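Enquirer: Structure file run.pdb (PDB, C-alpha atoms) right here:
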```
ATOM      1  CA  MET W   1       0.000   0.000   0.000
ATOM      2  CA  THR W   2       1.368   3.358  -1.007
ATOM      3  CA  LEU W   3       1.607   6.340   1.295
ATOM      4  CA  GLU W   4      -1.298   8.016  -0.523
ATOM      5  CA  GLN W   5      -3.418   4.863  -0.130
ATOM      6  CA  GLU W   6      -2.650   4.750   3.605
ATOM      7  CA  LYS W   7      -3.678   8.388   3.934
ATOM      8  CA  GLU W   8      -6.921   7.692   2.073
ATOM      9  CA  GLU W   9      -7.699   4.714   4.304
ATOM     10  CA  LEU W  10      -7.052   6.852   7.381
ATOM     11  CA  ARG W  11      -9.384   9.566   6.073
ATOM     12  CA  ASN W  12     -12.102   6.995   5.420
ATOM     13  CA  SER W  13     -11.686   5.516   8.910
ATOM     14  CA  THR W  14     -11.943   8.995  10.403
ATOM     15  CA  LEU W  15     -15.120   9.704   8.448
ATOM     16  CA  ARG W  16     -16.662   6.424   9.612
ATOM     17  CA  LEU W  17     -15.819   7.275  13.221
ATOM     18  CA  GLU W  18     -17.236  10.794  12.885
ATOM     19  CA  HIS W  19     -20.409   9.349  11.367
ATOM     20  CA  GLU W  20     -20.770   6.957  14.330
ATOM     21  CA  VAL W  21     -20.251   9.764  16.838
ATOM     22  CA  THR W  22     -22.801  11.985  15.072
ATOM     23  CA  LYS W  23     -25.337   9.167  15.114
ATOM     24  CA  TRP W  24     -25.033   8.829  18.893
ATOM     25  CA  LYS W  25     -25.065  12.576  19.408
ATOM     26  CA  ASN W  26     -28.406  12.784  17.657
ATOM     27  CA  ARG W  27     -29.859  10.004  19.812
ATOM     28  CA  VAL W  28     -28.503  10.958  23.254
ATOM     29  CA  ALA W  29     -31.606  12.881  24.365
ATOM     30  CA  GLU W  30     -33.903   9.914  23.640
ATOM     31  CA  LEU W  31     -31.778   6.993  24.835
ATOM     32  CA  ASN W  32     -32.817   4.877  27.816
ATOM     33  CA  ILE W  33     -29.886   3.616  29.852
ATOM     34  CA  THR W  34     -30.438  -0.142  30.135
ATOM     35  CA  ALA W  35     -29.685  -2.130  33.258
ATOM     36  CA  HIS W  36     -26.576  -3.467  31.528
ATOM     37  CA  ALA W  37     -25.398   0.018  30.609
ATOM     38  CA  ARG W  38     -25.982   1.279  34.141
ATOM     39  CA  ALA W  39     -23.617  -1.477  35.338
ATOM     40  CA  LEU W  40     -20.947   0.297  33.304
ATOM     41  CA  LEU W  41     -21.601   3.684  34.875
ATOM     42  CA  ASN W  42     -18.267   5.250  35.882
ATOM     43  CA  THR W  43     -16.209   2.072  35.271
ATOM     44  CA  SER W  44     -13.235   1.207  33.059
ATOM     45  CA  GLN W  45     -14.443  -2.170  31.790
ATOM     46  CA  GLN W  46     -13.394  -3.261  28.313
ATOM     47  CA  CYS W  47     -15.569  -3.000  25.236
ATOM     48  CA  THR W  48     -15.980  -6.652  24.224
ATOM     49  CA  SER W  49     -18.063  -8.237  21.464
ATOM     50  CA  ASP W  50     -20.848  -9.145  23.892
ATOM     51  CA  ARG W  51     -21.187  -5.489  24.903
ATOM     52  CA  GLU W  52     -21.824  -4.175  21.386
ATOM     53  CA  GLY W  53     -24.047  -1.073  21.610
ATOM     54  CA  VAL W  54     -23.668  -0.712  25.371
ATOM     55  CA  LEU W  55     -23.206   2.817  26.723
ATOM     56  CA  LEU W  56     -20.492   3.902  29.145
ATOM     57  CA  PHE W  57     -21.399   7.042  31.065
ATOM     58  CA  ASN W  58     -18.945   9.056  33.185
ATOM     59  CA  SER W  59     -21.118  11.197  35.463
ATOM     60  CA  ALA W  60     -18.157  13.196  36.794
ATOM     61  CA  VAL W  61     -17.521  14.822  33.408
ATOM     62  CA  GLN W  62     -20.974  14.109  31.874
ATOM     63  CA  GLN W  63     -19.357  12.113  29.060
ATOM     64  CA  LEU W  64     -20.901   9.324  27.030
ATOM     65  CA  LYS W  65     -19.215   6.579  24.959
ATOM     66  CA  VAL W  66     -20.610   3.611  23.064
ATOM     67  CA  CYS W  67     -19.142   0.139  22.535
ATOM     68  CA  SER W  68     -18.698  -0.424  18.785
ATOM     69  CA  ASN W  69     -16.492  -3.046  17.113
ATOM     70  CA  GLN W  70     -14.813  -3.732  20.472
ATOM     71  CA  GLN W  71     -13.806  -0.104  20.949
ATOM     72  CA  TRP W  72     -15.260   2.657  23.126
ATOM     73  CA  ILE W  73     -15.978   5.461  20.690
ATOM     74  CA  GLY W  74     -17.597   8.862  20.827
ATOM     75  CA  SER W  75     -16.307  10.525  23.968
ATOM     76  CA  TYR W  76     -19.415  12.662  23.602
ATOM     77  CA  LYS W  77     -19.632  15.271  26.353
ATOM     78  CA  LEU W  78     -23.243  16.075  27.137
ATOM     79  CA  PRO W  79     -24.304  19.714  26.744
ATOM     80  CA  ALA W  80     -24.765  21.779  29.871
ATOM     81  CA  ARG W  81     -28.536  21.333  29.808
ATOM     82  CA  SER W  82     -28.331  17.530  29.769
ATOM     83  CA  ILE W  83     -27.406  15.539  32.866
ATOM     84  CA  TYR W  84     -27.829  11.952  33.963
ATOM     85  CA  CYS W  85     -31.292  11.652  35.519
ATOM     86  CA  GLY W  86     -31.930   8.271  37.075
ATOM     87  CA  ARG W  87     -32.357   5.821  34.190
ATOM     88  CA  THR W  88     -32.349   8.184  31.218
ATOM     89  CA  ILE W  89     -30.278  10.817  29.544
ATOM     90  CA  CYS W  90     -32.745  13.630  29.933
ATOM     91  CA  ARG W  91     -32.481  16.920  28.094
ATOM     92  CA  GLY W  92     -32.997  19.483  30.825
ATOM     93  CA  CYS W  93     -33.871  17.345  33.836
ATOM     94  CA  ASP W  94     -36.186  20.096  35.011
ATOM     95  CA  GLY W  95     -37.920  17.957  37.656
ATOM     96  CA  SER W  96     -41.360  18.640  36.181
ATOM     97  CA  THR W  97     -42.098  14.897  36.030
ATOM     98  CA  LYS W  98     -40.903  11.783  37.803
ATOM     99  CA  GLU W  99     -39.063  10.715  34.657
ATOM    100  CA  SER W 100     -37.194  14.035  34.430
ATOM    101  CA  ALA W 101     -36.178  14.179  38.105
ATOM    102  CA  GLY W 102     -32.948  16.036  38.869
ATOM    103  CA  VAL W 103     -30.394  14.967  41.463
ATOM    104  CA  SER W 104     -31.440  17.874  43.705
ATOM    105  CA  CYS W 105     -33.044  21.289  43.451
ATOM    106  CA  ASN W 106     -29.571  22.685  42.928
ATOM    107  CA  THR W 107     -28.840  20.533  39.867
ATOM    108  CA  ILE W 108     -32.177  21.654  38.411
ATOM    109  CA  ARG W 109     -31.152  25.257  39.016
ATOM    110  CA  LYS W 110     -27.693  24.808  37.480
ATOM    111  CA  TYR W 111     -28.442  22.655  34.459
ATOM    112  CA  TRP W 112     -31.964  23.699  33.514
ATOM    113  CA  LEU W 113     -32.943  27.001  35.073
ATOM    114  CA  ARG W 114     -29.428  28.411  34.696
ATOM    115  CA  GLY W 115     -29.861  30.309  37.956
ATOM    116  CA  ARG W 116     -33.301  31.709  37.098
ATOM    117  CA  GLY W 117     -36.828  30.607  37.958
ATOM    118  CA  GLN W 118     -39.613  30.758  40.512
ATOM    119  CA  SER W 119     -39.710  28.493  43.545
ATOM    120  CA  SER W 120     -41.939  25.462  43.017
ATOM    121  CA  VAL W 121     -42.466  21.761  43.750
ATOM    122  CA  ARG W 122     -40.227  19.492  41.641
ATOM    123  CA  TRP W 123     -39.224  15.852  41.338
ATOM    124  CA  ILE W 124     -35.702  14.943  42.464
ATOM    125  CA  ASN W 125     -33.819  11.634  42.639
ATOM    126  CA  PRO W 126     -30.587  11.948  44.672
ATOM    127  CA  SER W 127     -29.822   8.214  44.638
ATOM    128  CA  MET W 128     -30.439   7.923  40.859
ATOM    129  CA  GLY W 129     -32.305   4.708  41.681
ATOM    130  CA  GLN W 130     -35.183   3.384  39.619
ATOM    131  CA  ASN W 131     -37.680   4.024  42.416
ATOM    132  CA  GLY W 132     -35.860   6.858  44.155
ATOM    133  CA  ALA W 133     -37.692   9.928  42.811
ATOM    134  CA  PHE W 134     -39.913  12.034  45.078
ATOM    135  CA  ARG W 135     -41.532  15.477  45.113
ATOM    136  CA  VAL W 136     -40.029  18.339  47.108
ATOM    137  CA  TYR W 137     -40.294  22.102  47.385
ATOM    138  CA  CYS W 138     -37.410  23.851  45.618
ATOM    139  CA  ASP W 139     -36.447  27.401  46.538
ATOM    140  CA  PHE W 140     -34.948  28.933  43.381
ATOM    141  CA  GLU W 141     -34.859  32.508  44.672
ATOM    142  CA  SER W 142     -33.193  32.829  48.085
ATOM    143  CA  PHE W 143     -29.425  33.543  48.113
ATOM    144  CA  GLY W 144     -29.026  32.451  44.495
ATOM    145  CA  GLY W 145     -31.528  29.578  44.648
ATOM    146  CA  GLY W 146     -31.177  25.805  44.404
ATOM    147  CA  TRP W 147     -32.376  24.970  47.937
ATOM    148  CA  THR W 148     -34.046  21.615  48.723
ATOM    149  CA  LEU W 149     -36.589  21.680  51.565
ATOM    150  CA  LEU W 150     -36.071  18.881  54.111
ATOM    151  CA  TYR W 151     -37.970  20.149  57.161
ATOM    152  CA  SER W 152     -41.050  22.336  57.532
ATOM    153  CA  SER W 153     -42.835  22.656  60.862
ATOM    154  CA  ARG W 154     -45.337  24.920  62.578
ATOM    155  CA  ASP W 155     -44.608  25.917  66.135
ATOM    156  CA  ASP W 156     -47.480  24.949  68.407
ATOM    157  CA  SER W 157     -48.414  24.321  72.019
ATOM    158  CA  SER W 158     -47.355  20.656  71.945
ATOM    159  CA  GLY W 159     -43.777  21.728  72.614
ATOM    160  CA  ASP W 160     -40.910  19.225  72.443
ATOM    161  CA  ASN W 161     -40.445  15.985  70.483
ATOM    162  CA  ASN W 162     -39.639  17.836  67.288
ATOM    163  CA  MET W 163     -37.296  16.789  64.500
ATOM    164  CA  GLN W 164     -37.491  13.024  64.491
ATOM    165  CA  LYS W 165     -36.147  10.934  61.607
ATOM    166  CA  GLY W 166     -38.509  10.653  58.681
ATOM    167  CA  ASN W 167     -38.660  10.434  54.906
ATOM    168  CA  HIS W 168     -40.571  12.087  52.078
ATOM    169  CA  ARG W 169     -43.660  10.054  52.960
ATOM    170  CA  THR W 170     -43.702  11.182  56.599
ATOM    171  CA  ALA W 171     -42.097  14.645  56.407
ATOM    172  CA  HIS W 172     -43.887  17.668  54.997
ATOM    173  CA  ILE W 173     -41.429  18.843  52.327
ATOM    174  CA  THR W 174     -43.645  20.025  49.461
ATOM    175  CA  SER W 175     -44.708  23.318  51.038
ATOM    176  CA  LEU W 176     -43.219  26.054  53.198
ATOM    177  CA  ASP W 177     -46.319  25.835  55.392
ATOM    178  CA  PRO W 178     -47.173  22.341  56.678
ATOM    179  CA  TRP W 179     -50.456  23.546  58.251
ATOM    180  CA  ASN W 180     -49.781  21.400  61.316
ATOM    181  CA  ALA W 181     -47.046  20.701  63.818
ATOM    182  CA  ASN W 182     -45.104  18.411  61.494
ATOM    183  CA  LYS W 183     -42.120  17.037  63.401
ATOM    184  CA  ARG W 184     -40.409  14.881  60.763
ATOM    185  CA  PHE W 185     -37.089  15.742  59.187
ATOM    186  CA  ALA W 186     -36.625  14.083  55.749
ATOM    187  CA  TYR W 187     -33.577  12.251  57.062
ATOM    188  CA  THR W 188     -33.575   9.503  54.415
ATOM    189  CA  GLU W 189     -33.561  12.045  51.589
ATOM    190  CA  PHE W 190     -31.007  14.212  53.393
ATOM    191  CA  LYS W 191     -28.602  11.269  53.549
ATOM    192  CA  ALA W 192     -29.254  10.455  49.886
ATOM    193  CA  ILE W 193     -28.409  14.029  48.840
ATOM    194  CA  ASP W 194     -25.258  13.942  50.986
ATOM    195  CA  ALA W 195     -24.133  10.746  49.234
ATOM    196  CA  SER W 196     -25.137  11.841  45.710
ATOM    197  CA  VAL W 197     -22.833  12.830  42.849
ATOM    198  CA  GLU W 198     -23.552  16.471  43.712
ATOM    199  CA  SER W 199     -23.709  16.559  47.497
ATOM    200  CA  TYR W 200     -24.960  19.644  49.295
ATOM    201  CA  ALA W 201     -22.489  22.331  50.382
ATOM    202  CA  GLU W 202     -24.658  24.786  52.333
ATOM    203  CA  VAL W 203     -27.535  24.815  54.825
ATOM    204  CA  MET W 204     -30.289  27.406  55.157
ATOM    205  CA  LEU W 205     -32.447  28.005  58.235
ATOM    206  CA  SER W 206     -35.555  30.005  57.487
ATOM    207  CA  GLY W 207     -39.138  30.479  58.499
ATOM    208  CA  TYR W 208     -41.970  32.829  59.226
ATOM    209  CA  GLN W 209     -41.817  34.700  62.504
ATOM    210  CA  ASP W 210     -45.586  34.888  62.299
ATOM    211  CA  TYR W 211     -47.489  32.798  59.769
ATOM    212  CA  ARG W 212     -50.323  35.321  59.845
ATOM    213  CA  ASN W 213     -48.253  38.183  58.456
ATOM    214  CA  LYS W 214     -45.618  36.014  56.788
ATOM    215  CA  HIS W 215     -42.583  37.868  58.122
ATOM    216  CA  LEU W 216     -39.799  35.753  56.561
ATOM    217  CA  VAL W 217     -36.450  35.208  58.296
ATOM    218  CA  GLN W 218     -33.496  33.542  56.528
ATOM    219  CA  MET W 219     -29.872  32.701  57.249
ATOM    220  CA  TYR W 220     -27.386  30.246  55.734
ATOM    221  CA  PHE W 221     -23.966  28.752  56.359
ATOM    222  CA  SER W 222     -21.478  26.200  55.010
ATOM    223  CA  LYS W 223     -21.938  22.459  55.386
ATOM    224  CA  THR W 224     -18.644  22.217  57.268
ATOM    225  CA  ALA W 225     -17.933  24.111  60.484
ATOM    226  CA  ARG W 226     -14.651  25.768  61.391
ATOM    227  CA  THR W 227     -13.796  22.757  63.546
ATOM    228  CA  GLY W 228     -14.252  20.348  60.623
ATOM    229  CA  LEU W 229     -17.612  19.028  61.856
ATOM    230  CA  SER W 230     -20.080  18.688  58.982
ATOM    231  CA  PHE W 231     -23.777  19.445  59.259
ATOM    232  CA  THR W 232     -24.419  15.800  58.359
ATOM    233  CA  GLN W 233     -22.397  14.640  61.360
ATOM    234  CA  PHE W 234     -24.157  17.216  63.525
ATOM    235  CA  ILE W 235     -27.583  15.886  62.485
ATOM    236  CA  ASP W 236     -26.524  12.230  62.787
ATOM    237  CA  TRP W 237     -25.342  12.792  66.351
ATOM    238  CA  GLY W 238     -28.353  14.602  67.746
ATOM    239  CA  ILE W 239     -31.504  13.741  65.803
ATOM    240  CA  GLY W 240     -33.995  11.707  67.769
ATOM    241  CA  ARG W 241     -32.009  12.148  70.994
ATOM    242  CA  ASN W 242     -33.224  13.794  74.144
ATOM    243  CA  VAL W 243     -30.068  15.894  74.404
ATOM    244  CA  GLY W 244     -29.676  17.622  77.744
ATOM    245  CA  ASP W 245     -27.390  20.285  79.166
ATOM    246  CA  SER W 246     -24.830  17.696  80.248
ATOM    247  CA  ASP W 247     -23.895  16.507  76.763
ATOM    248  CA  ARG W 248     -25.246  19.008  74.233
ATOM    249  CA  CYS W 249     -21.885  20.782  74.042
ATOM    250  CA  SER W 250     -20.161  17.649  72.770
ATOM    251  CA  SER W 251     -17.682  18.214  69.944
ATOM    252  CA  LYS W 252     -20.047  16.179  67.769
ATOM    253  CA  GLY W 253     -23.095  18.134  68.866
ATOM    254  CA  SER W 254     -22.007  21.745  68.385
ATOM    255  CA  TYR W 255     -21.384  23.579  65.126
ATOM    256  CA  PHE W 256     -19.592  26.940  64.989
ATOM    257  CA  GLY W 257     -19.242  28.833  61.734
ATOM    258  CA  ILE W 258     -20.150  31.994  59.849
ATOM    259  CA  GLU W 259     -23.624  33.035  58.719
ATOM    260  CA  LYS W 260     -22.923  33.904  55.090
ATOM    261  CA  SER W 261     -25.485  36.624  54.394
ATOM    262  CA  SER W 262     -24.175  38.758  57.268
ATOM    263  CA  GLU W 263     -20.668  37.318  57.871
ATOM    264  CA  LYS W 264     -21.600  37.048  61.551
ATOM    265  CA  PRO W 265     -20.557  34.138  63.810
ATOM    266  CA  ILE W 266     -23.246  31.513  64.364
ATOM    267  CA  GLY W 267     -23.414  28.436  66.542
ATOM    268  CA  LEU W 268     -25.733  25.409  66.605
ATOM    269  CA  THR W 269     -26.299  22.919  69.373
ATOM    270  CA  TRP W 270     -28.951  20.443  70.514
ATOM    271  CA  GLU W 271     -31.645  20.736  73.133
ATOM    272  CA  ASN W 272     -34.108  17.935  73.781
ATOM    273  CA  TYR W 273     -35.174  16.681  70.339
ATOM    274  CA  ALA W 274     -34.144  19.586  68.128
ATOM    275  CA  PHE W 275     -31.346  22.053  67.656
ATOM    276  CA  ILE W 276     -31.097  25.740  68.366
ATOM    277  CA  ALA W 277     -28.970  28.437  66.742
ATOM    278  CA  GLY W 278     -27.262  31.195  68.656
ATOM    279  CA  ALA W 279     -25.608  34.408  67.558
ATOM    280  CA  ILE W 280     -22.349  33.586  69.317
ATOM    281  CA  SER W 281     -18.754  32.911  68.312
ATOM    282  CA  SER W 282     -17.572  30.382  70.891
ATOM    283  CA  GLY W 283     -18.526  28.585  74.058
ATOM    284  CA  CYS W 284     -21.839  26.904  74.703
ATOM    285  CA  ALA W 285     -23.820  29.365  76.799
ATOM    286  CA  TRP W 286     -26.438  29.986  74.089
ATOM    287  CA  SER W 287     -27.369  33.282  75.676
ATOM    288  CA  LYS W 288     -28.341  34.835  72.335
ATOM    289  CA  GLU W 289     -30.917  32.566  70.725
ATOM    290  CA  VAL W 290     -31.890  33.272  67.111
ATOM    291  CA  TRP W 291     -33.505  30.033  65.834
ATOM    292  CA  ASN W 292     -35.374  27.541  67.999
ATOM    293  CA  GLU W 293     -38.761  25.911  67.458
ATOM    294  CA  ILE W 294     -39.107  23.425  70.295
ATOM    295  CA  ASP W 295     -40.416  25.481  73.223
ATOM    296  CA  ALA W 296     -43.979  24.901  74.329
ATOM    297  CA  GLU W 297     -44.341  28.641  74.862
ATOM    298  CA  GLY W 298     -42.972  29.547  71.434
ATOM    299  CA  GLY W 299     -39.811  29.354  69.373
ATOM    300  CA  HIS W 300     -37.457  32.019  68.076
ATOM    301  CA  LEU W 301     -36.766  33.397  64.597
ATOM    302  CA  LEU W 302     -34.529  36.409  64.224
ATOM    303  CA  ALA W 303     -32.826  37.652  61.068
ATOM    304  CA  PRO W 304     -29.053  38.333  61.216
ATOM    305  CA  LYS W 305     -29.598  42.087  60.869
ATOM    306  CA  ASP W 306     -31.583  41.940  64.116
ATOM    307  CA  TRP W 307     -29.276  39.687  66.127
ATOM    308  CA  ALA W 308     -28.193  42.597  68.317
ATOM    309  CA  ARG W 309     -31.525  42.353  70.110
ATOM    310  CA  ALA W 310     -31.457  38.554  70.472
ATOM    311  CA  GLU W 311     -32.386  37.388  73.947
ATOM    312  CA  SER W 312     -31.670  34.524  76.276
ATOM    313  CA  HIS W 313     -33.312  31.135  75.947
ATOM    314  CA  SER W 314     -35.779  31.986  78.721
ATOM    315  CA  GLY W 315     -36.893  35.246  77.067
ATOM    316  CA  ARG W 316     -40.264  35.555  75.346
ATOM    317  CA  SER W 317     -40.203  38.972  73.691
ATOM    318  CA  PRO W 318     -41.733  39.160  70.170
ATOM    319  CA  SER W 319     -39.280  41.960  69.345
ATOM    320  CA  ALA W 320     -36.460  39.447  69.892
ATOM    321  CA  GLY W 321     -37.996  36.894  67.559
ATOM    322  CA  ALA W 322     -40.184  34.908  69.971
ATOM    323  CA  CYS W 323     -42.964  33.282  67.913
ATOM    324  CA  HIS W 324     -45.391  32.178  70.612
ATOM    325  CA  ASN W 325     -46.950  29.299  68.669
ATOM    326  CA  VAL W 326     -47.317  31.173  65.380
ATOM    327  CA  GLY W 327     -43.924  30.491  63.745
ATOM    328  CA  ILE W 328     -42.978  28.226  60.840
ATOM    329  CA  PHE W 329     -39.495  26.689  60.657
ATOM    330  CA  HIS W 330     -37.572  25.342  57.658
ATOM    331  CA  ILE W 331     -34.306  23.528  56.965
ATOM    332  CA  LEU W 332     -33.032  23.491  53.386
ATOM    333  CA  VAL W 333     -29.758  22.375  51.786
ATOM    334  CA  ARG W 334     -27.939  23.297  48.572
TER     335      ARG W 334
END
```
Can you present the structure in this file as structure tokens?

Expert:
Amino acid sequence: MTLEQEKEELRNSTLRLEHEVTKWKNRVAELNITAHARALLNTSQQCTSDREGVLLFNSAVQQLKVCSNQQWIGSYKLPARSIYCGRTICRGCDGSTKESAGVSCNTIRKYWLRGRGQSSVRWINPSMGQNGAFRVYCDFESFGGGWTLLYSSRDDSSGDNNMQKGNHRTAHITSLDPWNANKRFAYTEFKAIDASVESYAEVMLSGYQDYRNKHLVQMYFSKTARTGLSFTQFIDWGIGRNVGDSDRCSSKGSYFGIEKSSEKPIGLTWENYAFIAGAISSGCAWSKEVWNEIDAEGGHLLAPKDWARAESHSGRSPSAGACHNVGIFHILVR
């Protein structure tokens, strides 16, 4: 074979490869990932004759290849508006249906809404499992948006026993107002988001100081405290425990960090069956309470700009954020 013939054969091979890649590009949005293809998700297995037509998907870089003639070809990188959604390659993954569920509200914001959109109920599937999708309220507006609601509770006269482990079937996570004293934290879904390909990085505490006039209070902070304790570890340690004064200041039960909207120091610790937030920088005195929903006589909600008038745990002044059985409390992650 002459040099010119070799060049021509190489050009023809390149054209055949480009044709194959184009064919898969055109079909990506409609393809269902089969059970066999899902077994090859994020692996380096060889393309053998028995895997002809099987897809290899690298979720870290959103890249798709196909097994053809015992070679992985294509290296097709999905466009920004296409991400892996459960069992399908879904263009958009806007969470409008169960089949188009995103990994979290934040992935919907990033890959579909592009940072814009009104808050609404969407489908998400953090585990990417076949039966893992569920409906949740997504806040697309606060502090840049992308927040997934995991806890929503009305303060009421029943007092303690708040924030027990729950899931999307037992926790009220499709509305900012549960209309009752819901006490379930969507713990199962929280853990799934933490373990997902796009784990959460921030936590937001919010709520209505008075659900009659809807005075909204919000604050947010990083997942990881200055001491290295993560919010996940903080929740795992205290949820469902009747934490008392003797052990609530454990290194696993106290978070100290910075509230990001104000750059003010914030601390979290446990009391009975829920946690409280204080506008403090160190120690465990909790003399300046700014978020606490467990008291029978009323919880506290106070925005960072008003923390100067925060009061002690025993205080009950509405001007210092005391809700007196009319507050609503939220926990969201992004």

Enquirer: Please provide as a PyMOL selection string all residues within 7 Å of region 270-277 of chain W, with the sequence filter that same-chain residues fewer than 6 positions apart are discarded (counting all atoms listed in the file).

Expert: chain W and resi 160-163+238-244+248+253+289-292+294

Enquirer: How would you write as a PDB file with C-alpha atoms, in the frame of the given file the residues that get within 9 Å of (-39.1, 22.1, 36.5) in the file's frame, counting all atoms listed in the file?

Expert:
```pdb
ATOM      1  CA  GLY W  92     -32.997  19.483  30.825  1.00  0.00           C
ATOM      2  CA  CYS W  93     -33.871  17.345  33.836  1.00  0.00           C
ATOM      3  CA  ASP W  94     -36.186  20.096  35.011  1.00  0.00           C
ATOM      4  CA  GLY W  95     -37.920  17.957  37.656  1.00  0.00           C
ATOM      5  CA  SER W  96     -41.360  18.640  36.181  1.00  0.00           C
ATOM      6  CA  THR W  97     -42.098  14.897  36.030  1.00  0.00           C
ATOM      7  CA  SER W 100     -37.194  14.035  34.430  1.00  0.00           C
ATOM      8  CA  ALA W 101     -36.178  14.179  38.105  1.00  0.00           C
ATOM      9  CA  GLY W 102     -32.948  16.036  38.869  1.00  0.00           C
ATOM     10  CA  ILE W 108     -32.177  21.654  38.411  1.00  0.00           C
ATOM     11  CA  ARG W 109     -31.152  25.257  39.016  1.00  0.00           C
ATOM     12  CA  TRP W 112     -31.964  23.699  33.514  1.00  0.00           C
ATOM     13  CA  LEU W 113     -32.943  27.001  35.073  1.00  0.00           C
ATOM     14  CA  GLY W 117     -36.828  30.607  37.958  1.00  0.00           C
ATOM     15  CA  SER W 120     -41.939  25.462  43.017  1.00  0.00           C
ATOM     16  CA  VAL W 121     -42.466  21.761  43.750  1.00  0.00           C
ATOM     17  CA  ARG W 122     -40.227  19.492  41.641  1.00  0.00           C
ATOM     18  CA  TRP W 123     -39.224  15.852  41.338  1.00  0.00           C
TER      19      TRP W 123
END
```

Enquirer: Determine the residue set returned by the PyMOL selection byres ((chain W and resi 103) around 8) for the present structure, and present it as a PyMOL selection string.

Expert: chain W and resi 85+101-102+104-108+124-128+193+196-198

Enquirer: Suppose you want the space between CA of Pro265 (chain W) and CA of Ala308 (chain W); what is it in Å?

Expert: 12.3 Å

Enquirer: List the spatial neighbours of Asn325 (chain W) as a PDB file with C-alpha atoms, in the coordinates of the input - criterion: any atom at most 6 Å away, all atoms listed in the file, same-chain residues fewer than 6 positions off excluded.

Expert:
```
ATOM      1  CA  ASP W 155     -44.608  25.917  66.135  1.00  0.00           C
ATOM      2  CA  ASP W 156     -47.480  24.949  68.407  1.00  0.00           C
ATOM      3  CA  GLY W 298     -42.972  29.547  71.434  1.00  0.00           C
TER       4      GLY W 298
END
```

Enquirer: Please, what distance in Å, to one decimal, runs between CA of Asn69 (chain W) and CA of Arg16 (chain W)?

Expert: 12.1 Å

Enquirer: Mind giving me the straight-line distance from CA of Lys165 (chain W) to CA of Ser153 (chain W) in Å, one decimal?

Expert: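 Separating CA of Lys165 (chain W) from CA of Ser153 (chain W) is a distance of 13.5 Å.
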
Enquirer: Return as a list in words the set of residues that the PyMOL selection byres ((chain W and resi 225-236) around 8) yields on the displayed structure.

Expert: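 So the PyMOL selection byres ((chain W and resi 225-236) around 8) ends up selecting Lys191, Asp194, Val203, Ser222, Lys223, Thr224, Trp237, Gly238, Ile239, Lys252, Gly253, Ser254, Tyr255, Phe256 and Gly257 of chain W.
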
Enquirer: For those residues, write C-alpha atoms to a file as a short mmCIF file (atom, residue, chain, number, x, y, z; two decimals), keeping the file's coordinate frame.

Expert:
```cif
data_model
loop_
_atom_site.label_atom_id
_atom_site.label_comp_id
_atom_site.auth_asym_id
_atom_site.auth_seq_id
_atom_site.Cartn_x
_atom_site.Cartn_y
_atom_site.Cartn_z
CA LYS W 191 -28.60 11.27 53.55
CA ASP W 194 -25.26 13.94 50.99
CA VAL W 203 -27.54 24.82 54.82
CA SER W 222 -21.48 26.20 55.01
CA LYS W 223 -21.94 22.46 55.39
CA THR W 224 -18.64 22.22 57.27
CA TRP W 237 -25.34 12.79 66.35
CA GLY W 238 -28.35 14.60 67.75
CA ILE W 239 -31.50 13.74 65.80
CA LYS W 252 -20.05 16.18 67.77
CA GLY W 253 -23.10 18.13 68.87
CA SER W 254 -22.01 21.74 68.39
CA TYR W 255 -21.38 23.58 65.13
CA PHE W 256 -19.59 26.94 64.99
CA GLY W 257 -19.24 28.83 61.73
#
```
